[in-house]
>>> print(open('start30.cif').read())   # mmCIF, C-alpha atoms
data_start
loop_
_atom_site.label_atom_id
_atom_site.label_comp_id
_atom_site.auth_asym_id
_atom_site.auth_seq_id
_atom_site.Cartn_x
_atom_site.Cartn_y
_atom_site.Cartn_z
CA MET U 1 -16.24 -2.90 -29.47
CA ASN U 2 -14.51 -6.27 -29.77
CA ASP U 3 -17.06 -8.97 -30.73
CA SER U 4 -14.75 -11.80 -29.66
CA ARG U 5 -14.35 -10.75 -26.04
CA PRO U 6 -16.32 -12.71 -23.44
CA ILE U 7 -18.97 -10.66 -21.69
CA ARG U 8 -19.20 -11.22 -17.96
CA ALA U 9 -22.68 -10.81 -16.59
CA LYS U 10 -25.18 -12.39 -14.24
CA SER U 11 -28.39 -13.88 -15.61
CA GLY U 12 -31.49 -11.76 -15.53
CA THR U 13 -35.02 -13.10 -15.39
CA ASN U 14 -37.93 -12.46 -17.73
CA HIS U 15 -40.57 -13.22 -15.10
CA GLU U 16 -42.82 -10.45 -13.85
CA GLY U 17 -42.01 -8.63 -10.62
CA THR U 18 -38.24 -8.70 -11.08
CA SER U 19 -37.52 -5.34 -12.74
CA ALA U 20 -35.30 -4.16 -9.88
CA HIS U 21 -33.06 -7.21 -10.22
CA ASN U 22 -32.86 -6.93 -14.00
CA ARG U 23 -31.99 -3.25 -13.78
CA ARG U 24 -29.14 -4.10 -11.41
CA VAL U 25 -27.95 -6.89 -13.72
CA ILE U 26 -27.65 -4.44 -16.63
CA VAL U 27 -25.80 -1.86 -14.54
CA ASP U 28 -23.44 -4.56 -13.23
CA ALA U 29 -22.69 -5.84 -16.74
CA LEU U 30 -21.85 -2.33 -17.95
CA ARG U 31 -19.66 -1.71 -14.89
CA ILE U 32 -17.64 -4.89 -15.40
CA ASN U 33 -17.35 -4.91 -19.20
CA GLY U 34 -17.58 -1.29 -20.24
CA ALA U 35 -19.71 -0.19 -23.20
CA LEU U 36 -22.08 -2.85 -24.58
CA SER U 37 -24.88 -2.89 -27.14
CA ARG U 38 -28.44 -4.01 -26.43
CA ALA U 39 -27.76 -7.25 -28.29
CA ASP U 40 -24.60 -7.87 -26.26
CA LEU U 41 -26.51 -7.27 -23.04
CA ALA U 42 -29.42 -9.50 -24.04
CA ARG U 43 -27.09 -12.34 -24.99
CA ALA U 44 -24.97 -12.08 -21.82
CA THR U 45 -27.82 -11.62 -19.33
CA ARG U 46 -30.29 -13.99 -21.07
CA LEU U 47 -32.93 -11.29 -21.04
CA THR U 48 -35.15 -10.61 -24.02
CA LYS U 49 -34.09 -7.79 -26.31
CA GLN U 50 -37.30 -5.96 -25.47
CA THR U 51 -36.60 -6.20 -21.73
CA VAL U 52 -33.08 -4.89 -22.26
CA SER U 53 -34.35 -2.04 -24.43
CA ASN U 54 -36.90 -1.07 -21.79
CA ILE U 55 -34.27 -1.06 -19.04
CA ILE U 56 -31.76 0.91 -21.13
CA GLU U 57 -34.43 3.49 -21.88
CA GLU U 58 -35.23 3.77 -18.16
CA LEU U 59 -31.55 4.07 -17.20
CA GLU U 60 -31.01 6.74 -19.85
CA ARG U 61 -33.96 8.68 -18.51
CA ASP U 62 -32.52 8.45 -15.00
CA GLY U 63 -29.14 9.74 -16.16
CA LEU U 64 -27.30 6.50 -15.35
CA VAL U 65 -26.53 5.34 -18.90
CA SER U 66 -25.68 7.14 -22.13
CA SER U 67 -25.34 6.01 -25.73
CA GLN U 68 -22.15 6.21 -27.74
CA GLU U 69 -21.49 6.50 -31.45
CA ALA U 70 -22.97 3.59 -33.41
CA VAL U 71 -20.58 0.83 -34.44
CA ARG U 72 -20.99 -1.10 -37.70
CA LYS U 73 -20.34 -4.82 -37.44
CA GLY U 74 -19.84 -6.46 -40.83
CA ARG U 75 -22.78 -6.18 -43.18
CA GLY U 76 -25.39 -5.89 -40.48
CA GLN U 77 -27.08 -2.86 -39.05
CA PRO U 78 -24.86 -0.65 -36.87
CA SER U 79 -25.27 -1.19 -33.14
CA THR U 80 -25.26 1.45 -30.46
CA PRO U 81 -23.08 0.78 -27.41
CA PHE U 82 -24.15 2.09 -24.01
CA ARG U 83 -21.98 2.96 -21.02
CA LEU U 84 -22.48 4.02 -17.44
CA VAL U 85 -22.49 7.75 -16.76
CA PRO U 86 -19.96 8.36 -13.96
CA GLY U 87 -21.96 11.33 -12.68
CA GLY U 88 -25.15 9.27 -12.51
CA ALA U 89 -24.63 8.65 -8.79
CA PHE U 90 -22.24 9.53 -5.99
CA SER U 91 -21.49 8.23 -2.53
CA ILE U 92 -19.26 9.08 0.41
CA GLY U 93 -17.10 6.62 2.27
CA LEU U 94 -15.81 7.07 5.81
CA GLN U 95 -13.06 5.14 7.54
CA ILE U 96 -12.78 5.33 11.32
CA ASP U 97 -9.56 3.92 12.73
CA ARG U 98 -7.72 4.16 16.02
CA HIS U 99 -5.92 7.43 15.36
CA VAL U 100 -7.29 8.80 12.10
CA THR U 101 -10.48 9.18 10.10
CA ARG U 102 -10.62 9.43 6.30
CA ALA U 103 -13.45 10.31 3.94
CA VAL U 104 -13.76 10.09 0.15
CA ALA U 105 -16.43 10.88 -2.41
CA VAL U 106 -16.73 8.63 -5.46
CA ASP U 107 -18.87 8.51 -8.58
CA LEU U 108 -20.85 5.62 -10.04
CA VAL U 109 -17.79 3.91 -11.54
CA GLY U 110 -15.66 4.28 -8.41
CA SER U 111 -13.49 7.24 -9.38
CA VAL U 112 -12.39 9.26 -6.35
CA LEU U 113 -13.37 12.91 -6.69
CA VAL U 114 -12.65 14.23 -3.19
CA ARG U 115 -10.69 12.93 -0.24
CA ALA U 116 -9.79 14.33 3.15
CA GLU U 117 -8.54 13.09 6.52
CA ALA U 118 -8.35 14.26 10.10
CA ALA U 119 -6.63 13.06 13.26
CA LEU U 120 -8.99 11.59 15.84
CA PRO U 121 -8.44 13.23 19.23
CA PRO U 122 -8.24 11.20 22.44
CA GLY U 123 -11.53 10.57 24.13
CA GLY U 124 -13.23 8.27 21.66
CA PRO U 125 -16.61 9.22 20.19
CA SER U 126 -17.31 11.91 22.78
CA THR U 127 -14.74 14.11 21.03
CA GLY U 128 -14.33 12.24 17.74
CA ALA U 129 -17.95 12.31 16.52
CA LYS U 130 -17.87 16.03 15.76
CA VAL U 131 -14.54 15.67 13.95
CA ILE U 132 -16.06 12.96 11.77
CA LEU U 133 -19.23 14.90 11.00
CA ASP U 134 -17.19 17.97 10.08
CA LEU U 135 -14.97 15.84 7.83
CA VAL U 136 -17.97 14.37 5.98
CA ALA U 137 -19.54 17.81 5.63
CA GLY U 138 -16.32 19.17 4.16
CA VAL U 139 -16.06 16.36 1.59
CA ARG U 140 -19.70 16.79 0.69
CA SER U 141 -19.22 20.54 0.19
CA LYS U 142 -16.17 20.02 -2.02
CA LEU U 143 -18.06 17.47 -4.12
CA ALA U 144 -20.88 19.96 -4.63
CA GLY U 145 -18.28 22.48 -5.80
CA ILE U 146 -17.01 20.01 -8.41
CA VAL U 147 -20.35 18.60 -9.59
CA ARG U 148 -23.42 20.81 -9.51
CA GLN U 149 -26.41 19.26 -7.73
CA SER U 150 -24.33 16.21 -6.75
CA ASP U 151 -26.23 16.13 -3.45
CA LYS U 152 -29.38 15.07 -5.29
CA ARG U 153 -27.54 11.99 -6.58
CA LEU U 154 -25.88 10.96 -3.32
CA VAL U 155 -26.99 7.38 -2.67
CA GLY U 156 -25.57 7.11 0.84
CA LEU U 157 -22.72 7.16 3.32
CA GLY U 158 -20.66 4.02 3.83
CA VAL U 159 -18.72 3.56 7.05
CA ALA U 160 -15.89 1.13 7.73
CA MET U 161 -14.10 0.48 10.98
CA PRO U 162 -12.24 -2.41 12.58
CA GLY U 163 -14.34 -5.33 13.78
CA PRO U 164 -15.43 -7.60 15.22
CA PHE U 165 -18.83 -6.12 16.03
CA GLY U 166 -20.98 -6.91 19.04
CA ILE U 167 -18.22 -8.65 21.02
CA ASP U 168 -17.89 -7.97 24.74
CA GLY U 169 -14.47 -6.69 25.68
CA SER U 170 -12.58 -4.10 27.63
CA GLY U 171 -13.05 -0.54 26.47
CA ASP U 172 -9.31 -0.12 26.93
CA ASP U 173 -8.42 -2.89 24.45
CA PRO U 174 -6.60 -1.12 21.58
CA TRP U 175 -7.54 -3.91 19.19
CA MET U 176 -11.30 -3.64 19.68
CA MET U 177 -12.15 0.10 19.67
CA GLY U 178 -14.68 -0.74 22.36
CA ALA U 179 -15.92 2.82 22.98
CA TRP U 180 -16.75 3.27 19.30
CA GLN U 181 -18.40 -0.16 19.19
CA LYS U 182 -20.82 0.87 21.95
CA PHE U 183 -21.51 4.34 20.54
CA PRO U 184 -24.71 4.85 18.45
CA LEU U 185 -22.55 5.66 15.43
CA LEU U 186 -24.97 4.97 12.59
CA GLU U 187 -27.78 6.90 14.23
CA THR U 188 -25.46 9.85 14.91
CA LEU U 189 -24.19 9.93 11.33
CA ALA U 190 -27.65 9.53 9.83
CA ALA U 191 -29.01 12.37 11.96
CA GLY U 192 -26.01 14.58 11.23
CA THR U 193 -25.92 14.02 7.45
CA GLY U 194 -29.46 13.08 6.44
CA LEU U 195 -28.02 10.17 4.43
CA ASP U 196 -28.65 6.45 4.53
CA VAL U 197 -25.71 4.97 6.45
CA GLY U 198 -24.27 1.45 6.29
CA LEU U 199 -21.46 -0.16 8.28
CA GLN U 200 -18.93 -2.86 7.45
CA ASN U 201 -15.58 -3.90 8.85
CA ASP U 202 -12.39 -2.62 7.28
CA ALA U 203 -11.48 -5.93 5.60
CA ALA U 204 -14.92 -6.13 3.97
CA ALA U 205 -14.53 -2.53 2.79
CA ALA U 206 -11.13 -3.32 1.28
CA ALA U 207 -12.71 -6.27 -0.56
CA THR U 208 -15.49 -4.00 -1.83
CA ALA U 209 -12.86 -1.63 -3.21
CA GLU U 210 -11.00 -4.50 -4.88
CA ARG U 211 -14.26 -5.74 -6.41
CA MET U 212 -15.18 -2.32 -7.76
CA VAL U 213 -11.88 -1.09 -9.19
CA GLY U 214 -9.14 -3.48 -8.09
CA ALA U 215 -7.80 -7.01 -8.46
CA ALA U 216 -11.18 -8.64 -7.72
CA HIS U 217 -12.99 -6.69 -10.47
CA GLY U 218 -15.14 -9.14 -12.42
CA LEU U 219 -14.39 -12.11 -10.13
CA ASP U 220 -17.16 -14.11 -8.49
CA ASN U 221 -15.08 -15.83 -5.82
CA ALA U 222 -12.10 -14.12 -4.22
CA VAL U 223 -10.79 -13.55 -0.72
CA CYS U 224 -8.99 -10.34 0.17
CA LEU U 225 -6.53 -10.88 3.02
CA PHE U 226 -6.39 -7.47 4.62
CA VAL U 227 -3.23 -6.45 6.50
CA GLY U 228 -3.80 -3.27 8.46
CA TYR U 229 -3.56 -2.37 12.13
CA GLY U 230 -5.25 -5.75 12.54
CA ILE U 231 -5.89 -8.57 10.07
CA GLY U 232 -9.13 -9.61 8.39
CA ALA U 233 -10.44 -11.32 5.30
CA GLY U 234 -13.02 -9.81 2.94
CA LEU U 235 -15.04 -12.62 1.37
CA ILE U 236 -16.46 -12.26 -2.14
CA LEU U 237 -18.55 -15.38 -2.67
CA ASN U 238 -20.75 -15.99 -5.71
CA GLY U 239 -20.27 -12.37 -6.76
CA GLU U 240 -21.45 -10.85 -3.48
CA LEU U 241 -19.73 -9.74 -0.31
CA TYR U 242 -20.39 -12.26 2.44
CA ARG U 243 -20.95 -10.61 5.83
CA GLY U 244 -21.91 -13.49 8.11
CA ALA U 245 -24.68 -13.60 10.71
CA ASN U 246 -23.37 -10.58 12.67
CA GLY U 247 -21.22 -8.78 10.12
CA ASN U 248 -18.09 -10.52 11.43
CA ALA U 249 -17.31 -12.96 8.62
CA GLY U 250 -13.62 -13.09 7.78
CA GLU U 251 -12.22 -12.13 11.21
CA ILE U 252 -9.25 -14.40 10.58
CA GLY U 253 -7.01 -12.12 12.64
CA MET U 254 -8.66 -13.58 15.74
CA ALA U 255 -7.70 -17.14 14.76
CA LEU U 256 -5.40 -18.60 17.40
CA LEU U 257 -1.90 -19.78 16.57
CA PHE U 258 -0.12 -22.12 18.96
CA ALA U 259 3.61 -21.73 19.56
CA ASP U 260 5.88 -22.25 22.53
CA GLY U 261 3.04 -23.76 24.53
CA LYS U 262 0.72 -20.76 24.29
CA SER U 263 -1.91 -19.41 21.91
CA THR U 264 -1.73 -16.01 20.24
CA PRO U 265 -4.17 -14.40 17.76
CA LEU U 266 -2.83 -14.12 14.24
CA GLU U 267 -3.16 -10.34 14.23
CA HIS U 268 -0.91 -10.07 17.28
CA ARG U 269 1.88 -11.59 15.18
CA ALA U 270 1.44 -10.49 11.56
CA SER U 271 -0.43 -7.15 11.56
CA LEU U 272 0.87 -3.60 11.28
CA ALA U 273 0.24 -3.20 15.01
CA SER U 274 2.69 -6.01 15.69
CA LEU U 275 5.18 -4.36 13.31
CA TYR U 276 4.77 -1.02 15.09
CA GLN U 277 5.49 -2.75 18.37
CA HIS U 278 8.51 -4.52 16.84
CA LEU U 279 9.88 -1.17 15.64
CA SER U 280 8.88 0.68 18.83
CA ALA U 281 7.02 3.08 16.52
CA ASP U 282 4.14 5.43 17.33
CA PRO U 283 1.03 4.35 15.34
CA ALA U 284 -0.16 7.98 15.30
CA ASP U 285 3.03 9.20 13.56
CA PRO U 286 1.84 10.68 10.22
CA ASP U 287 5.18 9.80 8.58
CA LEU U 288 5.19 6.19 9.72
CA HIS U 289 3.65 4.76 6.53
CA ALA U 290 6.36 6.29 4.35
CA ARG U 291 9.11 5.27 6.77
CA ILE U 292 8.02 1.62 6.79
CA ASP U 293 7.75 1.61 3.01
CA ASN U 294 11.31 2.89 2.78
CA LEU U 295 12.58 0.29 5.28
CA ALA U 296 10.90 -2.52 3.34
CA LEU U 297 12.27 -1.34 -0.02
CA ARG U 298 15.80 -1.15 1.43
CA GLY U 299 15.54 -4.55 3.08
CA ASP U 300 16.45 -2.99 6.40
CA PRO U 301 17.41 -5.59 9.04
CA SER U 302 15.03 -3.97 11.53
CA ILE U 303 12.10 -5.13 9.46
CA GLU U 304 13.38 -8.34 7.83
CA ALA U 305 12.95 -10.49 10.94
CA TRP U 306 9.34 -9.38 11.32
CA ILE U 307 8.66 -10.07 7.62
CA GLY U 308 9.95 -13.63 7.98
CA THR U 309 7.73 -14.42 10.97
CA ALA U 310 4.67 -12.65 9.54
CA ALA U 311 5.09 -14.38 6.16
CA ALA U 312 5.07 -17.82 7.82
CA ASP U 313 1.82 -17.01 9.63
CA LEU U 314 0.20 -15.52 6.52
CA ARG U 315 1.28 -18.57 4.48
CA TRP U 316 -0.72 -20.71 6.89
CA SER U 317 -3.66 -18.26 6.67
CA ILE U 318 -3.73 -18.50 2.87
CA HIS U 319 -3.71 -22.30 3.06
CA LEU U 320 -6.67 -22.15 5.45
CA ILE U 321 -8.56 -19.68 3.23
CA GLU U 322 -8.03 -21.80 0.10
CA THR U 323 -9.11 -24.97 1.89
CA ILE U 324 -12.32 -23.50 3.26
CA PHE U 325 -13.47 -21.11 0.51
CA ASP U 326 -11.89 -22.42 -2.72
CA PRO U 327 -11.50 -18.90 -4.18
CA GLN U 328 -10.32 -18.06 -7.67
CA THR U 329 -7.48 -16.12 -6.03
CA VAL U 330 -6.36 -14.67 -2.72
CA ILE U 331 -5.56 -10.95 -2.80
CA LEU U 332 -3.15 -9.51 -0.24
CA CYS U 333 -4.20 -5.92 0.37
CA GLY U 334 -4.64 -3.35 3.08
CA SER U 335 -3.28 -0.16 4.54
CA ALA U 336 0.22 -1.59 4.61
CA PRO U 337 2.73 0.23 2.37
CA GLU U 338 3.18 -1.21 -1.12
CA GLY U 339 6.85 -2.00 -0.51
CA LEU U 340 5.92 -4.04 2.56
CA VAL U 341 3.11 -5.89 0.77
CA ASN U 342 5.45 -6.86 -2.07
CA ARG U 343 8.10 -8.05 0.38
CA LEU U 344 5.51 -10.10 2.25
CA ILE U 345 4.27 -11.76 -0.95
CA ALA U 346 7.84 -12.63 -1.93
CA ALA U 347 8.53 -14.05 1.54
CA ILE U 348 5.24 -16.00 1.68
CA GLY U 349 6.19 -18.08 -1.36
CA PRO U 350 6.23 -20.89 -2.05
CA LEU U 351 2.65 -21.42 -0.87
CA LEU U 352 1.68 -24.53 1.04
CA PRO U 353 0.04 -27.33 -0.99
CA SER U 354 -3.75 -27.00 -1.06
CA ILE U 355 -6.80 -27.76 -3.16
CA ALA U 356 -6.05 -24.54 -5.07
CA GLU U 357 -2.89 -26.05 -6.55
CA ARG U 358 -4.18 -27.43 -9.84
CA ARG U 359 -3.57 -27.35 -13.55
CA GLY U 360 -5.18 -24.81 -15.83
CA ARG U 361 -5.26 -21.91 -13.38
CA THR U 362 -5.82 -18.56 -15.08
CA LEU U 363 -5.12 -16.51 -11.95
CA PRO U 364 -2.28 -16.79 -9.44
CA ARG U 365 -3.15 -18.30 -6.09
CA LEU U 366 -1.86 -15.14 -4.40
CA GLN U 367 -1.60 -11.67 -5.88
CA PRO U 368 -1.15 -8.12 -4.61
CA GLY U 369 -4.10 -5.80 -4.28
CA MET U 370 -4.36 -2.21 -3.17
CA ALA U 371 -1.67 -1.19 -0.72
CA ASP U 372 -3.06 2.18 0.18
CA PRO U 373 -4.18 3.80 3.44
CA TRP U 374 -7.17 5.17 1.50
CA SER U 375 -8.42 1.78 0.26
CA VAL U 376 -10.75 1.25 3.24
CA ALA U 377 -12.43 4.63 2.76
CA LEU U 378 -12.75 3.87 -0.96
CA GLY U 379 -14.39 0.53 -0.19
CA ALA U 380 -16.70 2.20 2.31
CA ALA U 381 -17.77 4.61 -0.44
CA ALA U 382 -18.30 1.73 -2.85
CA GLY U 383 -20.68 0.14 -0.34
CA PRO U 384 -23.68 2.44 -0.98
CA ILE U 385 -23.10 2.18 -4.75
CA SER U 386 -23.13 -1.61 -4.41
CA ARG U 387 -26.29 -1.60 -2.30
CA ALA U 388 -28.05 0.66 -4.78
CA PHE U 389 -26.98 -0.90 -8.07
CA ASP U 390 -25.42 -4.38 -7.74
CA PRO U 391 -27.51 -7.51 -8.36
CA HIS U 392 -28.68 -9.13 -5.14
CA PHE U 393 -31.33 -11.76 -4.56
CA ALA U 394 -32.90 -9.29 -2.12
CA ALA U 395 -33.71 -7.03 -5.05
CA ILE U 396 -36.09 -9.66 -6.42
CA LEU U 397 -37.76 -10.13 -3.04
CA LYS U 398 -38.14 -6.39 -2.52
CA ASP U 399 -39.69 -5.83 -5.92
CA SER U 400 -42.10 -8.76 -5.68
CA ARG U 401 -43.67 -7.95 -2.31
#
>>> encode(input="start30.cif", output="structure tokens")
Amino acid sequence: MNDSRPIRAKSGTNHEGTSAHNRRVIVDALRINGALSRADLARATRLTKQTVSNIIEELERDGLVSSQEAVRKGRGQPSTPFRLVPGGAFSIGLQIDRHVTRAVAVDLVGSVLVRAEAALPPGGPSTGAKVILDLVAGVRSKLAGIVRQSDKRLVGLGVAMPGPFGIDGSGDDPWMMGAWQKFPLLETLAAGTGLDVGLQNDAAAAATAERMVGAAHGLDNAVCLFVGYGIGAGLILNGELYRGANGNAGEIGMALLFADGKSTPLEHRASLASLYQHLSADPADPDLHARIDNLALRGDPSIEAWIGTAAADLRWSIHLIETIFDPQTVILCGSAPEGLVNRLIAAIGPLLPSIAERRGRTLPRLQPGMADPWSVALGAAAGPISRAFDPHFAAILKDSR
């Protein structure tokens, strides 16, 4: 261990009735920093050494934490570092999109152990629900084949799909996935799997993935600008994912842009769906992702015009995000190919002046995140892990009732 490194951790509390919160604080500190000693944890979390020792003992007993070889620091007594046990917990993440569904299984530290996908047939949930349940069952079975008794440590099933949620609209609107919005999805999945099920939009899931294993790891305030079939923003504020009153926070793709005397939603101009339309491409084409990546890397004229227009709109979006949320950084991520994301970032610069433009920055105002069609499913899987183990004020309330 390096004694000089700063340890990032939230503050625990030594008051009675807060053991759930303190337990989450310790797990979170080990996730962000790696192996730490009891003394390191006590100093970083402001908990007493006895409280830390009690929690470590409990986590060891539950198979969530293990000790490593003792490390001698100077003339003092050797200290024992502790780390999270990856196999201490597992979760499954499910992405439901317009033409495809993906599922992944991850462990406690966010490593992907199993992944699988299936095409969604026409007909919406009436035909797609069984495909999804079969996909989850297959991933679950493969996980059990890799890790014995993994089912006993499954903390839940996370689901991500495009938002917004609870908005009236035409069931034929390709942007809204109206039939799936009206379908009792969570109840169907809970009944079919026996797992606790949670739902978030795809941008929020992408932000959850970035927070767990990506560019937002260890950051308390970051906004993930998600470019997929649509556009959204995943908001990490004060170390937690902000959902909004109805789970629709960050739906920046619905923000109206005014040009040529008419208004158009941002996602109709700068999303992958708009690119597909520009290229006259079939969104259900399984080779489309690779083809677009190749076009972007070659600087093909068929895509350069779209990049220029989309970059101008995204430049404005980043200015708006910085002005409203004052994040440490904005992360451009999504299911867009990596070559396209890099070209967009290059074309977006230079950024518009904003309150984020200041001396002493340690992070860039804009940086690339995951450019991976699996990132939403990964973030969905990280959701149950976050709900079970991350520090939330709700954990204090729950434990003190």
>>> closest_residue(input="start30.cif", among="U:Asn22, U:Ala284, U:Leu366, U:Ile348", to="Ala118 in chain U", atoms="only C-alpha atoms")
U:Ala284
>>> residues_around(input="start30.cif", residues="Ile132 in chain U", least_positions_apart="6", cutoff="10 Å", atoms="all atoms listed in the file", output="PyMOL selection string")
chain U and resi 94-96+100-103+117-120+125+138+189
>>> resolve_selection(input="start30.cif", expression="the PyMOL selection byres ((chain U and resi 157-165) around 9)", output="ChimeraX atom specification")
/U:91-98,154-156,166-168,175-177,181,186,189-190,193,195-205,229-230,232,246-249,251,376-377,379-384
>>> residues_around(input="start30.cif", residues="Glu267 in chain U", least_positions_apart="6", cutoff="8 Å", atoms="all atoms listed in the file", output="ChimeraX atom specification")
/U:230-231,253-254,273-274
>>> closest_residue(input="start30.cif", among="U:Leu241, U:Leu295, U:Ala371, U:Ala44", to="Val227 in chain U", atoms="only C-alpha atoms")
U:Ala371
>>> closest_residue(input="start30.cif", among="U:Asp287, U:Asp107, U:Glu304, U:Asp372", to="Gly228 in chain U", atoms="only C-alpha atoms")
U:Asp372
>>> closest_residue(input="start30.cif", among="U:Ala137, U:Ala129, U:Val330, U:Val85", to="Ala179 in chain U", atoms="only C-alpha atoms")
U:Ala129
>>> decode(input="start30.cif", residues="range 260-326 of chain U", atoms="C-alpha atoms", output="compact mmCIF listing (two decimals), in the first residue's frame")
# COMPACT_ATOMS: atom_id res chain seq x y z
CA ASP U 260 -35.00 27.69 -39.70
CA GLY U 261 -38.10 28.88 -37.89
CA LYS U 262 -39.01 25.53 -36.37
CA SER U 263 -38.20 23.53 -33.25
CA THR U 264 -36.65 20.07 -33.28
CA PRO U 265 -35.65 17.84 -30.33
CA LEU U 266 -31.91 17.46 -29.89
CA GLU U 267 -32.08 13.69 -30.33
CA HIS U 268 -33.68 14.10 -33.75
CA ARG U 269 -30.50 15.86 -34.87
CA ALA U 270 -27.53 14.36 -33.01
CA SER U 271 -28.43 10.77 -32.05
CA LEU U 272 -27.58 7.48 -33.73
CA ALA U 273 -31.15 7.33 -35.01
CA SER U 274 -30.57 10.57 -36.89
CA LEU U 275 -27.30 9.15 -38.25
CA TYR U 276 -29.07 5.97 -39.38
CA GLN U 277 -31.59 8.11 -41.20
CA HIS U 278 -28.80 10.20 -42.74
CA LEU U 279 -27.10 7.03 -44.00
CA SER U 280 -30.39 5.35 -45.00
CA ALA U 281 -29.26 2.47 -42.78
CA ASP U 282 -31.36 -0.25 -41.13
CA PRO U 283 -31.09 0.10 -37.31
CA ALA U 284 -31.64 -3.67 -36.97
CA ASP U 285 -28.59 -4.50 -39.14
CA PRO U 286 -26.23 -6.47 -36.84
CA ASP U 287 -23.19 -5.20 -38.77
CA LEU U 288 -24.18 -1.54 -38.62
CA HIS U 289 -22.11 -0.71 -35.51
CA ALA U 290 -18.89 -1.96 -37.13
CA ARG U 291 -19.71 -0.26 -40.43
CA ILE U 292 -20.23 3.13 -38.79
CA ASP U 293 -17.04 2.74 -36.78
CA ASN U 294 -15.14 2.06 -39.99
CA LEU U 295 -16.72 5.07 -41.75
CA ALA U 296 -15.80 7.35 -38.85
CA LEU U 297 -12.21 6.10 -38.68
CA ARG U 298 -11.79 6.65 -42.44
CA GLY U 299 -13.35 10.10 -42.33
CA ASP U 300 -15.83 9.04 -44.97
CA PRO U 301 -17.69 12.00 -46.54
CA SER U 302 -21.02 10.25 -45.97
CA ILE U 303 -20.60 10.70 -42.24
CA GLU U 304 -18.55 13.90 -41.97
CA ALA U 305 -21.47 16.25 -42.64
CA TRP U 306 -23.54 14.58 -39.91
CA ILE U 307 -20.62 14.79 -37.46
CA GLY U 308 -20.30 18.53 -38.05
CA THR U 309 -23.98 19.22 -37.39
CA ALA U 310 -24.20 16.83 -34.43
CA ALA U 311 -21.03 18.28 -32.87
CA ALA U 312 -22.48 21.80 -32.96
CA ASP U 313 -25.63 20.63 -31.17
CA LEU U 314 -23.68 18.60 -28.60
CA ARG U 315 -21.36 21.58 -27.98
CA TRP U 316 -24.44 23.57 -26.97
CA SER U 317 -25.65 20.65 -24.81
CA ILE U 318 -22.36 20.51 -22.92
CA HIS U 319 -22.49 24.26 -22.29
CA LEU U 320 -26.02 23.84 -20.89
CA ILE U 321 -24.98 20.89 -18.70
CA GLU U 322 -21.97 22.76 -17.28
CA THR U 323 -24.05 25.85 -16.58
CA ILE U 324 -26.79 24.00 -14.74
CA PHE U 325 -24.94 21.20 -12.91
CA ASP U 326 -21.33 22.44 -12.51
